[in-house]
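**Q** Got a structure for you, data_37.csv, holding CSV, C-alpha atoms.
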```csv
chain,number,residue,atom,x,y,z
A,1,MET,CA,0.0,0.0,0.0
A,2,PRO,CA,1.5,3.4,-1.0
A,3,ALA,CA,2.6,5.7,1.8
A,4,ARG,CA,0.1,8.4,2.8
A,5,ARG,CA,1.1,11.8,1.6
A,6,SER,CA,1.4,14.8,4.0
A,7,PRO,CA,-1.9,16.7,3.9
A,8,ALA,CA,-1.9,20.0,2.0
A,9,ARG,CA,-1.6,23.2,4.1
A,10,ARG,CA,-4.4,25.7,4.0
A,11,PRO,CA,-3.2,29.2,3.1
A,12,THR,CA,-3.3,31.7,6.0
A,13,MET,CA,-3.5,35.5,6.4
A,14,LYS,CA,0.3,35.4,7.0
A,15,ASP,CA,0.8,33.8,3.6
A,16,ILE,CA,-1.4,36.5,1.9
A,17,ALA,CA,0.5,39.3,3.7
A,18,ARG,CA,3.8,37.9,2.6
A,19,ARG,CA,2.7,37.6,-1.0
A,20,ALA,CA,1.0,41.0,-1.1
A,21,GLY,CA,3.8,42.8,0.7
A,22,VAL,CA,1.6,44.2,3.5
A,23,SER,CA,1.0,43.5,7.2
A,24,GLU,CA,-1.3,40.8,8.5
A,25,SER,CA,-3.5,43.6,10.1
A,26,ALA,CA,-3.9,45.1,6.6
A,27,VAL,CA,-4.9,41.7,5.2
A,28,SER,CA,-7.5,41.4,8.0
A,29,PHE,CA,-8.9,44.9,7.3
A,30,ALA,CA,-9.0,44.2,3.5
A,31,LEU,CA,-10.7,40.8,3.7
A,32,ASN,CA,-13.2,41.7,6.4
A,33,GLY,CA,-14.3,44.9,4.7
A,34,ARG,CA,-13.0,47.2,7.4
A,35,PRO,CA,-11.5,50.7,7.0
A,36,GLY,CA,-7.8,51.3,7.4
A,37,VAL,CA,-6.5,50.3,4.0
A,38,SER,CA,-6.7,51.9,0.6
A,39,GLU,CA,-8.9,50.5,-2.2
A,40,VAL,CA,-5.7,49.7,-4.2
A,41,THR,CA,-4.4,47.6,-1.3
A,42,ARG,CA,-7.7,46.0,-0.6
A,43,GLU,CA,-8.0,44.9,-4.2
A,44,ARG,CA,-4.4,43.6,-4.2
A,45,VAL,CA,-5.0,41.6,-1.0
A,46,ARG,CA,-8.2,40.1,-2.4
A,47,ARG,CA,-6.5,39.1,-5.6
A,48,VAL,CA,-3.7,37.4,-3.8
A,49,ALA,CA,-6.1,35.6,-1.5
A,50,GLU,CA,-8.0,34.3,-4.6
A,51,GLN,CA,-4.7,33.1,-6.2
A,52,LEU,CA,-3.7,31.2,-3.0
A,53,GLY,CA,-7.2,29.6,-2.7
A,54,TRP,CA,-7.8,31.2,0.7
A,55,ARG,CA,-11.3,31.1,2.1
A,56,PRO,CA,-12.7,32.5,5.3
A,57,SER,CA,-13.5,30.0,8.1
A,58,THR,CA,-17.2,29.7,8.5
A,59,ALA,CA,-17.0,27.4,11.5
A,60,ALA,CA,-17.0,29.3,14.7
A,61,ARG,CA,-15.6,26.4,16.6
A,62,GLN,CA,-12.5,26.5,14.5
A,63,LEU,CA,-11.5,29.8,16.2
A,64,SER,CA,-11.1,27.9,19.5
A,65,GLY,CA,-9.3,25.0,17.9
A,66,GLU,CA,-12.1,22.5,18.5
A,67,GLY,CA,-12.8,21.8,14.8
A,68,ALA,CA,-15.9,22.5,12.7
A,69,ALA,CA,-18.1,20.1,14.6
A,70,THR,CA,-19.6,19.1,11.2
A,71,VAL,CA,-19.4,16.1,8.9
A,72,GLY,CA,-19.8,16.5,5.1
A,73,PHE,CA,-21.9,14.3,2.8
A,74,VAL,CA,-22.1,14.9,-0.9
A,75,VAL,CA,-24.2,12.9,-3.4
A,76,ALA,CA,-23.4,13.2,-7.1
A,77,ARG,CA,-26.7,11.9,-8.6
A,78,PRO,CA,-29.7,13.4,-10.4
A,79,ALA,CA,-31.5,15.3,-7.7
A,80,ASP,CA,-34.9,14.1,-8.9
A,81,THR,CA,-34.0,10.5,-8.2
A,82,LEU,CA,-33.1,11.0,-4.5
A,83,GLY,CA,-36.4,12.2,-3.1
A,84,VAL,CA,-38.0,8.8,-3.5
A,85,ASP,CA,-34.9,6.7,-2.8
A,86,SER,CA,-35.5,4.9,0.5
A,87,PHE,CA,-31.9,3.7,0.7
A,88,PHE,CA,-30.5,7.2,1.2
A,89,LEU,CA,-33.2,8.3,3.6
A,90,GLN,CA,-32.5,5.3,5.8
A,91,LEU,CA,-28.7,5.6,5.4
A,92,ILE,CA,-28.8,9.3,6.5
A,93,SER,CA,-31.1,8.3,9.5
A,94,GLY,CA,-28.4,5.9,10.7
A,95,ILE,CA,-25.6,8.5,10.2
A,96,GLN,CA,-27.6,11.1,12.1
A,97,GLU,CA,-28.1,8.9,15.1
A,98,VAL,CA,-24.3,8.6,15.6
A,99,LEU,CA,-23.6,12.3,14.9
A,100,ALA,CA,-26.3,13.4,17.3
A,101,GLU,CA,-24.6,11.4,20.1
A,102,ARG,CA,-21.4,13.5,19.5
A,103,HIS,CA,-23.3,16.8,18.9
A,104,LEU,CA,-22.1,17.0,15.4
A,105,GLY,CA,-23.9,18.5,12.4
A,106,LEU,CA,-24.3,17.0,8.9
A,107,LEU,CA,-23.6,19.2,5.9
A,108,PHE,CA,-25.4,17.6,2.9
A,109,GLN,CA,-25.2,18.7,-0.7
A,110,VAL,CA,-26.3,17.3,-4.0
A,111,VAL,CA,-24.2,17.9,-7.1
A,112,GLU,CA,-24.3,16.9,-10.8
A,113,SER,CA,-21.0,15.2,-11.2
A,114,VAL,CA,-17.9,13.8,-9.4
A,115,GLU,CA,-16.0,16.8,-10.6
A,116,ASP,CA,-18.4,19.0,-8.9
A,117,GLU,CA,-18.2,16.9,-5.8
A,118,CYS,CA,-14.4,17.3,-5.7
A,119,ALA,CA,-14.8,21.0,-6.0
A,120,VAL,CA,-17.1,21.0,-3.0
A,121,TYR,CA,-14.5,19.1,-1.0
A,122,ARG,CA,-11.8,21.6,-1.9
A,123,ARG,CA,-14.1,24.5,-0.9
A,124,TRP,CA,-15.1,22.9,2.4
A,125,TRP,CA,-11.5,22.2,3.2
A,126,ALA,CA,-10.4,25.7,2.4
A,127,GLU,CA,-13.3,27.2,4.5
A,128,HIS,CA,-12.8,24.8,7.5
A,129,ARG,CA,-16.4,23.7,7.1
A,130,VAL,CA,-16.1,20.0,7.9
A,131,ASP,CA,-13.9,17.8,10.1
A,132,GLY,CA,-14.4,14.7,7.8
A,133,VAL,CA,-16.6,13.4,5.0
A,134,LEU,CA,-18.7,10.3,4.1
A,135,VAL,CA,-18.3,9.3,0.5
A,136,VAL,CA,-20.9,7.3,-1.4
A,137,ASP,CA,-21.2,5.7,-4.8
A,138,PRO,CA,-17.5,4.7,-5.3
A,139,ARG,CA,-16.4,4.3,-8.9
A,140,ALA,CA,-13.7,2.7,-10.9
A,141,GLU,CA,-10.7,5.1,-11.2
A,142,ASP,CA,-12.3,7.3,-8.5
A,143,PRO,CA,-10.4,10.6,-8.0
A,144,ARG,CA,-12.0,11.3,-4.6
A,145,PRO,CA,-9.9,9.2,-2.2
A,146,ASP,CA,-6.7,10.6,-3.5
A,147,LEU,CA,-8.0,14.2,-3.3
A,148,LEU,CA,-9.2,13.6,0.3
A,149,GLY,CA,-5.9,12.1,1.2
A,150,GLU,CA,-4.1,15.1,-0.3
A,151,LEU,CA,-6.3,17.5,1.7
A,152,GLY,CA,-6.0,15.5,4.9
A,153,LEU,CA,-9.7,15.2,5.3
A,154,PRO,CA,-10.7,12.0,7.2
A,155,ALA,CA,-13.1,10.0,5.1
A,156,VAL,CA,-15.2,6.8,5.0
A,157,VAL,CA,-16.2,5.3,1.7
A,158,ILE,CA,-19.6,3.7,1.8
A,159,GLY,CA,-20.1,0.8,-0.6
A,160,GLY,CA,-16.5,0.3,-1.7
A,161,GLY,CA,-15.1,-3.2,-2.2
A,162,PRO,CA,-12.9,-5.1,0.3
A,163,ASP,CA,-9.7,-4.1,-1.6
A,164,SER,CA,-10.6,-0.5,-2.5
A,165,ARG,CA,-9.4,1.3,0.7
A,166,GLN,CA,-6.9,4.1,0.2
A,167,PRO,CA,-4.3,5.1,2.9
A,168,GLY,CA,-6.1,7.0,5.7
A,169,THR,CA,-9.5,6.2,4.3
A,170,SER,CA,-11.9,3.7,5.9
A,171,THR,CA,-14.3,1.6,3.9
A,172,VAL,CA,-17.7,0.1,4.9
A,173,TRP,CA,-19.0,-2.4,2.3
A,174,ALA,CA,-21.7,-5.0,1.6
A,175,ASP,CA,-21.1,-8.2,-0.3
A,176,ASP,CA,-23.1,-7.4,-3.5
A,177,ALA,CA,-21.6,-10.4,-5.3
A,178,GLY,CA,-22.7,-12.8,-2.5
A,179,ALA,CA,-26.2,-11.3,-2.4
A,180,MET,CA,-26.5,-11.7,-6.2
A,181,ALA,CA,-25.2,-15.3,-6.0
A,182,SER,CA,-27.8,-16.3,-3.4
A,183,LEU,CA,-30.6,-14.6,-5.4
A,184,VAL,CA,-29.7,-16.3,-8.7
A,185,ASP,CA,-29.5,-19.6,-6.9
A,186,ARG,CA,-33.0,-19.2,-5.6
A,187,LEU,CA,-34.4,-18.1,-8.9
A,188,TYR,CA,-32.7,-21.1,-10.5
A,189,GLU,CA,-34.3,-23.4,-8.0
A,190,LEU,CA,-37.6,-22.0,-9.1
A,191,GLY,CA,-36.9,-22.9,-12.7
A,192,HIS,CA,-35.8,-19.5,-14.0
A,193,ARG,CA,-33.2,-19.6,-16.8
A,194,ARG,CA,-33.8,-16.2,-18.4
A,195,ILE,CA,-33.1,-13.4,-15.9
A,196,VAL,CA,-32.6,-9.7,-16.6
A,197,HIS,CA,-31.1,-7.3,-14.1
A,198,VAL,CA,-32.4,-3.8,-14.4
A,199,ALA,CA,-29.5,-2.0,-12.8
A,200,GLY,CA,-28.8,1.6,-11.6
A,201,LEU,CA,-26.2,4.0,-12.8
A,202,PRO,CA,-23.3,2.6,-14.8
A,203,ARG,CA,-19.7,3.0,-13.7
A,204,LEU,CA,-20.7,2.8,-10.0
A,205,ALA,CA,-18.6,0.1,-8.2
A,206,HIS,CA,-21.6,-1.7,-6.7
A,207,THR,CA,-23.4,-1.7,-10.1
A,208,GLU,CA,-20.4,-3.3,-11.8
A,209,ARG,CA,-20.1,-5.8,-9.0
A,210,ARG,CA,-23.7,-6.9,-9.3
A,211,ILE,CA,-23.4,-7.2,-13.1
A,212,ARG,CA,-20.3,-9.2,-12.9
A,213,ALA,CA,-21.7,-11.5,-10.2
A,214,LEU,CA,-24.9,-12.1,-12.3
A,215,ARG,CA,-22.7,-13.2,-15.3
A,216,THR,CA,-20.5,-15.4,-13.0
A,217,GLU,CA,-23.5,-17.2,-11.5
A,218,ALA,CA,-25.0,-17.8,-14.9
A,219,GLU,CA,-21.8,-19.3,-16.1
A,220,ARG,CA,-21.6,-21.5,-13.0
A,221,HIS,CA,-25.2,-22.8,-13.6
A,222,GLY,CA,-24.4,-23.8,-17.2
A,223,PRO,CA,-25.4,-22.9,-20.8
A,224,GLN,CA,-29.1,-22.9,-20.1
A,225,ALA,CA,-29.0,-19.8,-17.9
A,226,ARG,CA,-29.3,-16.7,-20.1
A,227,VAL,CA,-28.9,-13.4,-18.3
A,228,HIS,CA,-28.0,-9.8,-19.0
A,229,SER,CA,-28.1,-6.4,-17.3
A,230,VAL,CA,-29.5,-3.0,-18.4
A,231,THR,CA,-28.4,0.2,-16.7
A,232,THR,CA,-30.7,3.1,-15.8
A,233,ASP,CA,-30.6,6.3,-13.7
A,234,TYR,CA,-32.5,4.7,-10.8
A,235,SER,CA,-35.7,6.5,-11.7
A,236,ASP,CA,-39.2,5.0,-12.1
A,237,ALA,CA,-39.4,6.5,-15.6
A,238,GLU,CA,-36.3,4.8,-16.9
A,239,SER,CA,-37.1,1.6,-15.1
A,240,ALA,CA,-40.6,1.4,-16.8
A,241,ALA,CA,-39.1,2.2,-20.2
A,242,ALA,CA,-36.5,-0.5,-19.8
A,243,THR,CA,-39.1,-3.0,-18.7
A,244,ARG,CA,-41.2,-2.4,-21.7
A,245,ARG,CA,-38.2,-2.9,-24.0
A,246,ILE,CA,-37.1,-6.0,-22.3
A,247,LEU,CA,-40.6,-7.6,-22.3
A,248,GLY,CA,-41.2,-6.6,-25.8
A,249,ALA,CA,-38.3,-8.6,-27.0
A,250,GLY,CA,-38.7,-11.9,-28.9
A,251,GLU,CA,-38.2,-14.2,-25.9
A,252,PRO,CA,-38.9,-12.2,-22.7
A,253,PRO,CA,-37.3,-13.2,-19.4
A,254,THR,CA,-39.1,-15.1,-16.7
A,255,ALA,CA,-37.5,-13.1,-13.9
A,256,LEU,CA,-36.6,-9.4,-13.5
A,257,VAL,CA,-34.3,-8.1,-10.7
A,258,TYR,CA,-34.4,-4.3,-10.0
A,259,ASP,CA,-31.7,-2.4,-8.2
A,260,ASN,CA,-34.1,-0.5,-5.9
A,261,ASP,CA,-37.7,-0.5,-4.7
A,262,VAL,CA,-38.9,2.4,-6.8
A,263,MET,CA,-37.6,0.8,-10.0
A,264,ALA,CA,-39.2,-2.5,-9.1
A,265,VAL,CA,-42.6,-1.0,-8.5
A,266,ALA,CA,-42.4,0.9,-11.8
A,267,GLY,CA,-41.4,-2.3,-13.5
A,268,LEU,CA,-44.2,-4.2,-12.0
A,269,ALA,CA,-46.7,-1.6,-13.2
A,270,ALA,CA,-45.2,-1.7,-16.7
A,271,ALA,CA,-45.3,-5.5,-16.9
A,272,THR,CA,-48.9,-5.6,-15.8
A,273,GLU,CA,-49.9,-3.0,-18.4
A,274,LEU,CA,-48.3,-5.3,-21.1
A,275,GLY,CA,-50.5,-8.2,-19.9
A,276,PHE,CA,-47.8,-10.1,-17.9
A,277,ALA,CA,-49.2,-11.8,-14.8
A,278,VAL,CA,-46.9,-11.7,-11.7
A,279,PRO,CA,-45.7,-14.2,-10.7
A,280,ALA,CA,-47.4,-16.6,-13.1
A,281,ASP,CA,-45.6,-15.2,-16.2
A,282,LEU,CA,-42.9,-13.2,-14.6
A,283,SER,CA,-41.2,-13.1,-11.2
A,284,VAL,CA,-40.1,-9.7,-9.9
A,285,VAL,CA,-37.4,-9.0,-7.2
A,286,SER,CA,-36.3,-5.6,-5.7
A,287,TRP,CA,-32.7,-5.3,-4.5
A,288,GLU,CA,-33.9,-2.9,-1.7
A,289,ASP,CA,-36.7,-3.6,0.7
A,290,SER,CA,-39.0,-0.9,2.0
A,291,ALA,CA,-42.7,-0.3,2.9
A,292,LEU,CA,-43.2,0.5,-0.8
A,293,CYS,CA,-42.7,-3.2,-1.6
A,294,ARG,CA,-45.7,-4.0,0.6
A,295,LEU,CA,-48.0,-1.3,-0.8
A,296,VAL,CA,-48.4,-2.9,-4.2
A,297,LYS,CA,-50.2,-6.0,-5.4
A,298,PRO,CA,-48.6,-8.5,-5.4
A,299,TRP,CA,-46.2,-7.7,-2.6
A,300,LEU,CA,-42.7,-7.6,-3.9
A,301,SER,CA,-40.0,-10.1,-2.9
A,302,ALA,CA,-36.9,-8.1,-1.9
A,303,LEU,CA,-33.3,-8.3,-0.6
A,304,SER,CA,-33.4,-7.0,2.9
A,305,ARG,CA,-30.6,-5.3,4.9
A,306,ASP,CA,-30.3,-3.0,7.8
A,307,THR,CA,-29.6,0.2,5.9
A,308,VAL,CA,-30.0,2.3,9.1
A,309,GLY,CA,-27.4,0.1,10.7
A,310,PHE,CA,-25.2,0.6,7.5
A,311,GLY,CA,-25.3,4.3,8.1
A,312,ARG,CA,-24.5,3.9,11.8
A,313,THR,CA,-21.5,1.8,11.0
A,314,ALA,CA,-20.2,4.3,8.5
A,315,ALA,CA,-20.6,7.2,10.8
A,316,GLY,CA,-19.0,5.2,13.7
A,317,GLU,CA,-15.9,4.5,11.5
A,318,LEU,CA,-15.6,8.2,10.7
A,319,MET,CA,-15.8,9.1,14.4
A,320,ALA,CA,-13.0,6.6,15.0
A,321,LEU,CA,-10.9,8.3,12.4
A,322,LEU,CA,-11.6,11.7,14.0
A,323,ASP,CA,-10.5,10.3,17.3
A,324,GLY,CA,-7.2,9.4,15.8
A,325,GLY,CA,-7.9,5.7,15.1
A,326,PRO,CA,-6.5,3.7,12.2
A,327,ALA,CA,-8.3,3.4,8.8
A,328,ARG,CA,-10.2,0.1,8.5
A,329,THR,CA,-12.3,-2.0,6.2
A,330,VAL,CA,-15.6,-3.1,7.7
A,331,GLN,CA,-18.1,-5.5,6.1
A,332,VAL,CA,-21.8,-5.3,7.0
A,333,PRO,CA,-24.1,-8.4,6.8
A,334,VAL,CA,-25.0,-9.7,3.4
A,335,PRO,CA,-28.5,-8.8,2.3
A,336,ARG,CA,-31.0,-11.7,2.5
A,337,LEU,CA,-33.9,-12.5,0.2
A,338,ILE,CA,-37.4,-12.1,1.7
A,339,GLU,CA,-39.8,-14.0,-0.6
A,340,ARG,CA,-43.3,-12.5,-1.0
A,341,ASP,CA,-46.0,-12.9,-3.7
A,342,SER,CA,-44.0,-11.5,-6.7
A,343,THR,CA,-41.8,-14.6,-7.1
A,344,GLY,CA,-42.8,-18.1,-8.0
A,345,PRO,CA,-41.9,-21.1,-10.2
A,346,ALA,CA,-41.1,-20.3,-13.9
A,347,ARG,CA,-43.8,-21.2,-16.3
A,348,PRO,CA,-42.9,-24.3,-18.4
A,349,HIS,CA,-42.3,-23.7,-22.1
```
Kindly transcribe the structure held in the file into structure tokens.
**A**
Amino acid sequence: MPARRSPARRPTMKDIARRAGVSESAVSFALNGRPGVSEVTRERVRRVAEQLGWRPSTAARQLSGEGAATVGFVVARPADTLGVDSFFLQLISGIQEVLAERHLGLLFQVVESVEDECAVYRRWWAEHRVDGVLVVDPRAEDPRPDLLGELGLPAVVIGGGPDSRQPGTSTVWADDAGAMASLVDRLYELGHRRIVHVAGLPRLAHTERRIRALRTEAERHGPQARVHSVTTDYSDAESAAATRRILGAGEPPTALVYDNDVMAVAGLAAATELGFAVPADLSVVSWEDSALCRLVKPWLSALSRDTVGFGRTAAGELMALLDGGPARTVQVPVPRLIERDSTGPARPH
């Protein structure tokens, strides 16, 4: 494992004064809008501050050396898909339970891209806004762990693999491959040989793990098993559209696995509209369990896990890092299948 780099140093008023050729008191006057310096000096100081990347500290506790008393959490996903995503709501609930015990706040922001997320981390670091961050949706060739290591911001990656930890960064992960294996085994027992996985966003580490695991399990079960995955943006609209395309193909699958509950409900509705009876013609499984799975007919079979506990574990690992503990990799229990009315034996052909 590569050695951890020394964290970057935040620019100070002394740095600005040295670069601008003025006193620290003049820098303070200029940056705080106080009288005592000329407009020419004020403009020069502000220009130098911008060049150095200086930002004012917005955390009052930083003045006493106690830290920002805040943890950061950024999500780079389409904002309109988050409001109905039960996973994030439960995850944040678990995180908040731990933070409340330590009287820490949670600074939450939604952005459009990983590049925007990295920019937020740089700004938070420069402004002393957070003491550490929780990172979600790890990706292949992910720039965030290296950036956070460079900044010296303690971080916990939620959903990374067992070998994905970077120096100084903890990882909390679930065995998606193991969950997919158990799910395919059960569908195979029920006679299903044509299985389609309606996945979430491409390039996410857990999406890729599930896709690979589905292919691996199909190969293990032999040539009769025919499977493939289709990626979406996690929304009900894309899930319904994908379901219509899949079921409109020449030889439709006998089982559909959706990456969350919202997608599964939308897929169920689309299949019913097309005349498919669930589970007589088609079995449906949601990767995430929630009350939504029990508010439709038939009730949806789902992979169940303690998502609130997942959030508590992640926040607890971040607290350990803030207390000076070592970075760790922690696995949470494998999701288990709860069979309800939406799964049954495959219809003989």
**Q** Find, counting all atoms listed in the file, the residue in A:Leu247, A:Glu339, A:Ala20, A:Leu318 that gets nearest to A:Arg294.
**A**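 Closest candidate: A:Glu339.
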**Q** Find, counting all atoms listed in the file, the residue in A:Thr41, A:Ser342, A:Thr169, A:Ser235 that gets nearest to A:Asp146.
**A**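 Counting all atoms listed in the file, the residue closest to A:Asp146 is A:Thr169.
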**Q** Let me make sure I understand: among A:Val133, A:Ala269, A:Leu300, A:Leu282, which one has the smallest atom-to-atom distance to A:Pro348 if we use only C-alpha atoms?
**A** A:Leu282
**Q** For A:Pro223, list every protein, DNA or RNA residue within 10 Å, evaluated using only C-alpha atoms, and leave out those in the same chain fewer than 4 positions away; present the list as a list of chain:residue names.
**A**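 What passes the distance filter is A:Arg193, A:Ala218, A:Glu219.
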**Q** Got a sec: who's within 8 Å of stretch 45-55 of chain A, counting all atoms listed in the file, leaving out chain neighbours fewer than 5 positions off, as a PDB file with C-alpha atoms, in the frame of the given file?
**A**
```
ATOM      1  CA  ARG A  10      -4.400  25.700   4.000  1.00  0.00           C
ATOM      2  CA  PRO A  11      -3.200  29.200   3.100  1.00  0.00           C
ATOM      3  CA  THR A  12      -3.300  31.700   6.000  1.00  0.00           C
ATOM      4  CA  ILE A  16      -1.400  36.500   1.900  1.00  0.00           C
ATOM      5  CA  ALA A  17       0.500  39.300   3.700  1.00  0.00           C
ATOM      6  CA  ARG A  19       2.700  37.600  -1.000  1.00  0.00           C
ATOM      7  CA  ALA A  20       1.000  41.000  -1.100  1.00  0.00           C
ATOM      8  CA  VAL A  27      -4.900  41.700   5.200  1.00  0.00           C
ATOM      9  CA  ALA A  30      -9.000  44.200   3.500  1.00  0.00           C
ATOM     10  CA  LEU A  31     -10.700  40.800   3.700  1.00  0.00           C
ATOM     11  CA  ARG A 123     -14.100  24.500  -0.900  1.00  0.00           C
ATOM     12  CA  ALA A 126     -10.400  25.700   2.400  1.00  0.00           C
ATOM     13  CA  GLU A 127     -13.300  27.200   4.500  1.00  0.00           C
TER      14      GLU A 127
END
```
**Q** Expressed in Å to a single decimal, how great is the separation between atom CA of A:Ala26 and atom CA of A:Arg122?
**A**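 For atom CA of A:Ala26 relative to atom CA of A:Arg122, the distance reads 26.2 Å.
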**Q** If we count only C-alpha atoms, what is near A:Glu117 at a cut-off of 9 Å, once residues fewer than 4 positions away on the same chain are taken out, given as a ChimeraX atom specification?
**A** /A:74-76,109-113,121-122,144
**Q** Mind dumping a table of every stretch 269-332 of chain A residue within 12 Å of stretch 181-184 of chain A, with the nearest atom pair and its distance in Å to one decimal, using all atoms listed in the file, sorted by chain and rising number, as JSON lines?
**A**
```
{"residue": "A:Val284", "atom": "CA", "partner": "A:Leu183", "partner_atom": "CA", "distance": 11.6}
{"residue": "A:Val285", "atom": "CA", "partner": "A:Leu183", "partner_atom": "CA", "distance": 9.0}
{"residue": "A:Ser286", "atom": "CA", "partner": "A:Leu183", "partner_atom": "CA", "distance": 10.7}
{"residue": "A:Trp287", "atom": "CA", "partner": "A:Leu183", "partner_atom": "CA", "distance": 9.6}
{"residue": "A:Ser301", "atom": "CA", "partner": "A:Leu183", "partner_atom": "CA", "distance": 10.7}
{"residue": "A:Ala302", "atom": "CA", "partner": "A:Leu183", "partner_atom": "CA", "distance": 9.7}
{"residue": "A:Leu303", "atom": "CA", "partner": "A:Leu183", "partner_atom": "CA", "distance": 8.4}
{"residue": "A:Ser304", "atom": "CA", "partner": "A:Leu183", "partner_atom": "CA", "distance": 11.6}
```
**Q** Could you check how far atom CA of A:Gly72 sits from atom CA of A:Ala155, in Å to one decimal?
**A** 9.3 Å
**Q** Any idea what the distance is between atom CA of A:Val84 and atom CA of A:Cys118?
**A**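 Between atom CA of A:Val84 and atom CA of A:Cys118 the gap is 25.2 Å.
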**Q** Taking into account only C-alpha atoms, which residue in the set A:Thr171, A:Thr254, A:Ser86, A:Thr81 is nearest to A:Gly200?
**A** A:Thr81
**Q** Considering only C-alpha atoms, state which residue in the set A:Val334, A:Val308, A:Val296, A:Val262 is at the smallest distance from A:Leu82.
**A**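 Among the listed residues, A:Val262 lies closest to A:Leu82.
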**Q** Between A:Leu321, A:Val265, A:Ser229, A:Ala179, single out the one closest to A:Ile338, counting all atoms listed in the file.
**A**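 Among the listed residues, the smallest separation from A:Ile338 belongs to A:Ala179.
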**Q** Could you name the residues that touch A:Ala242 at 9 Å or less, counting all atoms listed in the file, but leaving out those on the same chain fewer than 3 positions away, as a list in words?
**A**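 Counting only the stated atoms, we get Val198, Val230, Thr231, Thr232, Ala237, Glu238, Ser239, Arg245, Ile246, Leu247 and Gly267 of chain A.
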**Q** Within 12 Å of (-19.9, 6.3, -8.5) (coordinates as in the file), grab all the protein and nucleic acid residues, counting all atoms listed in the file, and write them out as number ranges by chain.
**A** A: 74-77, 112-115, 117, 135-144, 157-160, 200-208, 233
**Q** Leaving out A:Leu190 and any residue of its chain fewer than 2 positions from it, which residues lie within 9 Å of it when counting all atoms listed in the file, given as a PyMOL selection string?
**A** chain A and resi 185-188+192+343-346
